[in-house]
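Colleague: Supplied in structure tokens, the structure appears directly below.
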Amino acid sequence: RSYGRVIPSRVRGTRQLAIPQPLGPVVALTPWNFPALLPARKIAPALAAGCSIILKPSEETPVSALLLAQALADAGLPAGVLNMVMGVPSEISSYLIKSPIIRKVTFTGSTAVGRELANMASVGPKPCTLELGGHAPVLIFDDADLDSAVEGLVDAIWFNQGQVCCAGSRLLVQEGVAERFHTKLKRRMDSLRMGDPLDKCIDVGAIVDPVQLAAITALVDGCTEGHIYRAATPVPAGCYYPPTLITGLSAASPLMQEEIFGPVLVSMTFRTPSEAVELAN
């Protein structure tokens with residue numbers, strides 16, 4: 001329910017009300033890594049606010065969004081409230097965002113593309129909600145419960161094969177426990193099982209497609225510093241990349257600076273908590 005609010009007036013005897021109203025047609029652009037969840041998270045708020053929406057799902061994973069749209073149609077959503085379009089991403093986004101009909105833009109995806117879309121929306125200007133790439137730090141201090149931290153880190157980086165914008169992909173470990181922690185982490189990595197994720201016994205599935213696999217491989221193979229450790233788990237044939245830990249990196253390393261978007265964890269050590277905060281930021 002979009003309740004309004006009463007704003008104190010500077011003029012005696014008058015009352016000011018602010019009442020939210022639908023902004024207008026929304027264009028939503030979603031990526032491939034959560035092909036049902038992310039469209040749902042954009043469709044639901046638009047409909048709840050009384051706005052129609054045009055959704056362009058990822059060209060790699062369109063079927064999930066199509067099935068979601070069909071379910072909404074079957075549930076009685078009026079025709080024309082939710083619309084879906086597919087094709088060349090740059091052509092679609094440029095046409096829709098520049099259209100005077102569109103009043104709001106929402107996008108989940110890479111930082112580079114997000115900047116371009118924000119620039120297009122600024123010409124309107126139109127409000128733009130962006131959920132972009134990340135390279136989130138995980139900090140391990142000397143007094144940490146190392147076993148618990150290992151399990152949390154496994155979930156943070158190897159969930160969905162690291163293809164998550166909020167993956168804990170940068171590991172910062174205090175020097176006093178770094179060697180012990182890395183040893184425990186490698187042992188846990190070796191126990192991860194790779195294969196078809198529809199098998200409930202599997203921990204790590206496939207990379208989305210050969211293009212993404214090649215991008216991950218190029219980033220790691222281009223690393224000129226540090227020590228690369230790949231899990232001993234058998235790697236199936238196909239678009240699979242083994243869980244990988246790269247230690248001994250400097251803060252300036254491209255791997256510490258760039259989002260990898262794969263099952264690769266990069267690590268460096270720190271001495272003091274203030275240094276850890278500086279590196280994390």
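As shown in the structure tokens, the chain order sets the letters A, B, ...; within each chain, residues go from 1, and ligands are also counted from 1 in the order they appear.
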Might you pull out every residue within 12 Å of Leu67 of chain A, with only C-alpha atoms counted and same-chain residues fewer than 2 positions away left off, and present them as a list in words?
Modeller: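 My list of contacting residues is Pro35, Ala36, Pro39, Ala40, Pro57, Thr61, Pro62, Val63, Ser64, Ala65, Ala69, Gln70, Ala71, Leu72, Ala73, Asp74 and Met84 of chain A.
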Colleague: Find the residues near Phe141 of chain A: any atom within 8 Å, counting only C-alpha atoms, skip ones fewer than 2 places away on the same chain, and give them as number ranges by chain.
Modeller: A: 139, 143-144, 173-174, 177, 273
Colleague: For each of A:Asn281, A:Gln161, A:Ser274, A:Thr129, take the minimum atom-to-atom distance to Gln257 of chain A, counting only C-alpha atoms, then give the residue where this is smallest.
Modeller: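 When distances to Gln257 of chain A are compared using only C-alpha atoms, the smallest one comes from A:Asn281.
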Colleague: Taking only segment 216-252 of chain A into account, list the residues labelled alpha helix (DSSP H) by DSSP (computed from the backbone), as a ChimeraX atom specification.
Modeller: /A:216-221
Colleague: Please produce a file of the residues just selected, as an mmCIF file, in the first residue's frame, where the atoms kept are all heavy atoms.
Modeller:
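again.cif, written as the output of this step:
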data_model
loop_
_atom_site.group_PDB
_atom_site.id
_atom_site.type_symbol
_atom_site.label_atom_id
_atom_site.label_comp_id
_atom_site.auth_asym_id
_atom_site.auth_seq_id
_atom_site.Cartn_x
_atom_site.Cartn_y
_atom_site.Cartn_z
ATOM 1 N N ILE A 216 37.352 -16.131 -17.821
ATOM 2 C CA ILE A 216 37.939 -16.522 -16.530
ATOM 3 C C ILE A 216 39.351 -17.067 -16.745
ATOM 4 O O ILE A 216 40.296 -16.697 -16.044
ATOM 5 C CB ILE A 216 37.059 -17.576 -15.843
ATOM 6 C CG1 ILE A 216 35.687 -17.002 -15.519
ATOM 7 C CG2 ILE A 216 37.732 -18.104 -14.578
ATOM 8 C CD1 ILE A 216 34.652 -18.047 -15.131
ATOM 9 N N THR A 217 39.489 -17.947 -17.736
ATOM 10 C CA THR A 217 40.789 -18.559 -18.025
ATOM 11 C C THR A 217 41.820 -17.508 -18.388
ATOM 12 O O THR A 217 42.971 -17.543 -17.928
ATOM 13 C CB THR A 217 40.642 -19.576 -19.174
ATOM 14 O OG1 THR A 217 39.663 -20.553 -18.821
ATOM 15 C CG2 THR A 217 41.964 -20.260 -19.463
ATOM 16 N N ALA A 218 41.438 -16.523 -19.184
ATOM 17 C CA ALA A 218 42.368 -15.477 -19.611
ATOM 18 C C ALA A 218 42.836 -14.637 -18.427
ATOM 19 O O ALA A 218 44.023 -14.282 -18.326
ATOM 20 C CB ALA A 218 41.708 -14.598 -20.663
ATOM 21 N N LEU A 219 41.924 -14.315 -17.529
ATOM 22 C CA LEU A 219 42.303 -13.511 -16.364
ATOM 23 C C LEU A 219 43.309 -14.247 -15.491
ATOM 24 O O LEU A 219 44.307 -13.680 -15.044
ATOM 25 C CB LEU A 219 41.053 -13.161 -15.547
ATOM 26 C CG LEU A 219 40.306 -11.894 -15.937
ATOM 27 C CD1 LEU A 219 38.996 -11.788 -15.151
ATOM 28 C CD2 LEU A 219 41.153 -10.655 -15.698
ATOM 29 N N VAL A 220 43.045 -15.531 -15.241
ATOM 30 C CA VAL A 220 43.944 -16.305 -14.374
ATOM 31 C C VAL A 220 45.269 -16.575 -15.077
ATOM 32 O O VAL A 220 46.345 -16.415 -14.484
ATOM 33 C CB VAL A 220 43.270 -17.630 -13.948
ATOM 34 C CG1 VAL A 220 44.256 -18.478 -13.134
ATOM 35 C CG2 VAL A 220 42.027 -17.351 -13.129
ATOM 36 N N ASP A 221 45.221 -16.974 -16.345
ATOM 37 C CA ASP A 221 46.458 -17.277 -17.071
ATOM 38 C C ASP A 221 47.328 -16.033 -17.252
ATOM 39 O O ASP A 221 48.546 -16.137 -17.418
ATOM 40 C CB ASP A 221 46.131 -17.880 -18.437
ATOM 41 C CG ASP A 221 45.553 -19.289 -18.325
ATOM 42 O OD1 ASP A 221 45.565 -19.835 -17.206
ATOM 43 O OD2 ASP A 221 45.090 -19.819 -19.349
#
Colleague: May I have the residues within 12 Å of Met86 of chain A as a PyMOL selection string, using only C-alpha atoms and disregarding those fewer than 5 positions away in the same chain?
Modeller: chain A and resi 28-30+54-63+65-66+91-93
Colleague: Determine, counting only C-alpha atoms, which protein, DNA and RNA residues have an atom within 10 Å of an atom of segment 182-198 of chain A; residues of the same chain fewer than 4 positions away are not included. Present the result as a ChimeraX atom specification.
Modeller: /A:146-147,149-151,153-154,158,160-161,173,177-178,202-206,229-238,240-245,247,267
Colleague: Determine which residues of segment 3-134 of chain A receive a DSSP assignment of strand (DSSP E or B), computed from the backbone, and state them as a VMD selection string.
Modeller: chain A and resid 5 to 7 16 to 18 26 to 29 53 to 56 82 to 84 104 to 108 128 to 131
Colleague: Using only C-alpha atoms for the distances, tell me which of A:His135, A:Arg15, A:Asp145, A:Leu171 is nearest to Ile260 of chain A.
Modeller: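 Among A:His135, A:Arg15, A:Asp145, A:Leu171, it is A:His135 that comes nearest to Ile260 of chain A.
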Colleague: Counting only C-alpha atoms, which residue out of A:Gly109, A:Gly248, A:Asp199, A:Pro8 sits closest to Glu179 of chain A?
Modeller: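 Closest residue, counting only C-alpha atoms: A:Gly248.
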Colleague: What does the structure give for the distance between atom CA of Leu117 of chain A and atom CA of Ala46 of chain A, in Å to one decimal?
Modeller: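 These atoms are spaced 18.9 Å apart.
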Colleague: Please report the interatomic distance between atom CA of Ala156 of chain A and atom CA of Ser169 of chain A in Å with one decimal.
Modeller: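 These two atoms are separated by 7.6 Å.
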Colleague: Between A:Asn119, A:Ile140, A:Pro210, A:Ile246, which one has atoms that come closest to Arg271 of chain A, using only C-alpha atoms?
Modeller: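 Selected residue with least distance to Arg271 of chain A: A:Ile140.
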Colleague: Can you work out the spacing between atom CA of Met120 of chain A and atom CA of Gly134 of chain A in Å, to one decimal?
Modeller: 22.1 Å
